[in-house]
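Asks: Can you read through this structure? Questions will come right after.
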Amino acid sequence: MTSGKMEIITELRRSAHPTSTALGYFDGLHRGHQAVIQEAVANSRENSLVPTVFTLLQSPRTVLRGEESKNIITIEEKISILEKMGIRQVYLIDFNDIKDITADDFVSDILYECFRAKHISCGFNYHFGAGAKGSGEMLEEMCSKFGISVLARPRITFADKPVSSTRIRDCIVHGDIRTANQMLGRKYGFKLCVVHGRRLGRQWGTPTLNQVFPEGLVKPRFGAYVSSVTVDGKEYCGVTNIGIKPTVGSDRVMIETWMPEYSGRELYDEGLDIRLIDFIREEKRFESTDELKAEILKNAETAIKIFREEL
């Protein structure tokens with residue numbers, strides 16, 4: 001039951017087939033999240049079930065506590081990764097629609113009746129039901145009444161500490177992209193549309209690809225990064241600056257990338273995938289555009305060296 005295009009379901013309607021379902025917000029889809037999802041996929045293959053994910057449009061914290069959204073990845077990237085992992089059905093539900101459902105009703109009405117779950121996979125610290133009163137132990141006990149098996153995956157560690165979205169966000173905020181990438185199990189970055197800029201880089205011989213930083217994502221440390229840019233299936237070295245461009249000015253956070261070794265077609269209005277490899281320097285204001293240009297060229301030398309070492 002794992003073939004065909006993945007279906008995205010935005011309402012709690014009954015699944016057409018029995019499922020093996022992974023539960024979680026999965027912000028970042030880091031290595032711990034991947035283990036939960038891989039377990040659900042493996043079980044679906046063994047038992048001819050539809051590999052399914054139940055996730056949310058927004059973090060419960062933004063609804064319950066009014067916290068600012070600081071996601072690690074966009075919903076679009078989350079969906080793309082889930083599909084590559086073998087998931088064929090995603091319930092993407094507004095948290096407001098379920099926040100008042102009791103733990104008992106969550107199991108009976110959603111897991112059993114709606115998802116038709118035969119197996120549930122979740123993280124070691126998964127909670128459910130109104131007020132997050134349902135624990136992993138409760139989930140196993142409650143699901144057993146409906147003949148649903150439950151497997152809670154143990155924590156995964158990196159450098160002797162648990163891999164977590166909070167820890168990854170902290171690394172991103174401080175520019176420690178290498179550690180973030182280790183915990184994510186892939187390179188952190190963005191696939192966003194290339195927009196038109198003021199073409200200043202083109203005048204300097206350093207034409208940049210401009211992308212608007214998405215709302216709702218945690219903001220990386222402002223500055224220059226070594227990046228990997230994929231164009232037509234090929235990876236190129238990039239020098240990516242994230243910030244507000246204090247030398248020339250910007251009214252919003254922008255992602256600007258120059259590929260020193262790229263000489264192909266223009267890429268305006270295309271979705272371009274940029275992945276960060278390492279932090280080079282913090283964002284700063286230069287006294288002149290000539291000084292800024294010299295710094296960009298210097299950063300390119302550093303970026304090319306690091307990029308080639310990564311290959």
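In the structure tokens, chains take the letters A, B, ... in the order shown, each chain's residues start at 1, and ligands count up from 1 in the order shown.
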Could you pull out the strand (DSSP E) residues of segment 107-249 of chain A, going by DSSP on the backbone, and write them as a count of residues only?
Replies: 45
Asks: For segment 174-178 of chain A, find every residue with an atom within 6 Å (counting only C-alpha atoms), except residues of its own chain fewer than 2 positions away, and show them as number ranges by chain.
Replies: A: 171-172, 180-181, 221, 278-279
Asks: Residues at most 12 Å from Gln211 of chain A, counting only C-alpha atoms, excluding those fewer than 4 positions away in the same chain, as a list of chain:residue names?
Replies: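 Those residues are A:Gly189, A:Phe190, A:Lys191, A:Leu192, A:Cys193, A:Val194, A:Val195, A:His196, A:Gly197, A:Thr240, A:Asn241, A:Ile242, A:Gly243, A:Arg252, A:Val253, A:Met254, A:Ile255, A:Glu256, A:Thr257, A:Trp258, A:Leu267, A:Tyr268, A:Asp269, A:Glu270, A:Gly271, A:Leu272, A:Asp273, A:Ile274.
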Asks: Among segment 29-118 of chain A, which ones does DSSP assign to helix (DSSP H, G or I) (computed from the backbone)? Answer as a PyMOL selection string.
Replies: chain A and resi 31-47+60-64+75-84+95-97+103-114
Asks: Using only C-alpha atoms, which residues sit within 12 Å of segment 41-44 of chain A once same-chain residues fewer than 3 positions away are excluded, as a PyMOL selection string?
Replies: chain A and resi 1-3+17-22+34-38+47-53+82-89+117-121+149-151
Asks: Just the residues within 12 Å of Thr62 of chain A, please, counting only C-alpha atoms, with nothing from its chain fewer than 5 positions along; format it as a PyMOL selection string.
Replies: chain A and resi 56-57+67-71+94-96+216
Asks: Taking 2 positions as the minimum chain separation for residues in the same chain, which residues sit within 7 Å of Arg155 of chain A when counting only C-alpha atoms? Answer as a list in words.
Replies: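 The residues satisfying every condition are Gly32, Phe124, Arg153, Thr157 and Pro162 of chain A.
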Asks: Record the distance separating atom CA of Arg285 of chain A and atom CA of Arg167 of chain A, expressed in Å with one decimal.
Replies: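 Interatomic distance, atom CA of Arg285 of chain A to atom CA of Arg167 of chain A: 29.6 Å.
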Asks: Expressed in Å to a single decimal, how great is the separation between atom CA of Ile304 of chain A and atom CA of Val226 of chain A?
Replies: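 Interatomic distance here is 8.0 Å.
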Asks: For a quick check of understanding, using only C-alpha atoms, which of A:Phe307, A:Phe106, A:Ala132, A:Val231 has the smallest distance to Leu64 of chain A?
Replies: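 Nearest candidate to Leu64 of chain A out of A:Phe307, A:Phe106, A:Ala132, A:Val231: A:Ala132.
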Asks: Nearest residue to Leu217 of chain A out of A:Gly28, A:Arg281, A:Phe286, A:Gly4, using only C-alpha atoms?
Replies: A:Gly28
Asks: With only C-alpha atoms as the basis for distance, which of A:Phe213, A:Tyr225, A:Phe54, A:Tyr236 is at the shortest distance from Asp251 of chain A?
Replies: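 The closest residue to Asp251 of chain A is A:Phe213.
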Asks: Nearest to Lys187 of chain A: which of A:Ile168, A:Val63, A:Val107, A:Cys143 is it, counting only C-alpha atoms?
Replies: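 Among the listed residues, A:Ile168 lies closest to Lys187 of chain A.
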Asks: Could you tell me how far atom CA of Ala224 of chain A lies from atom CA of Pro207 of chain A, in Å and to one decimal?
Replies: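 Answer for the atom CA of Ala224 of chain A to atom CA of Pro207 of chain A separation: 15.3 Å.
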Asks: Using only C-alpha atoms, find the one residue out of A:Met259, A:Ile277, A:Ile8, A:Val239 that sits nearest to Glu295 of chain A.
Replies: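 Looking only at the distances to Glu295 of chain A, the closest residue turns out to be A:Val239.
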Asks: Env of Gly134 of chain A: 9 Å cut, atoms = only C-alpha atoms, seq-sep filter 5 positions within chain, self excluded. Answer as a PyMOL selection string.
Replies: chain A and resi 102-104+126-129+139
Asks: With only C-alpha atoms as the basis for distance, which of A:Met138, A:Ile72, A:Ile79, A:Val229 is at the shortest distance from Asp170 of chain A?
Replies: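 Using only C-alpha atoms, Asp170 of chain A sits closest to A:Ile72.
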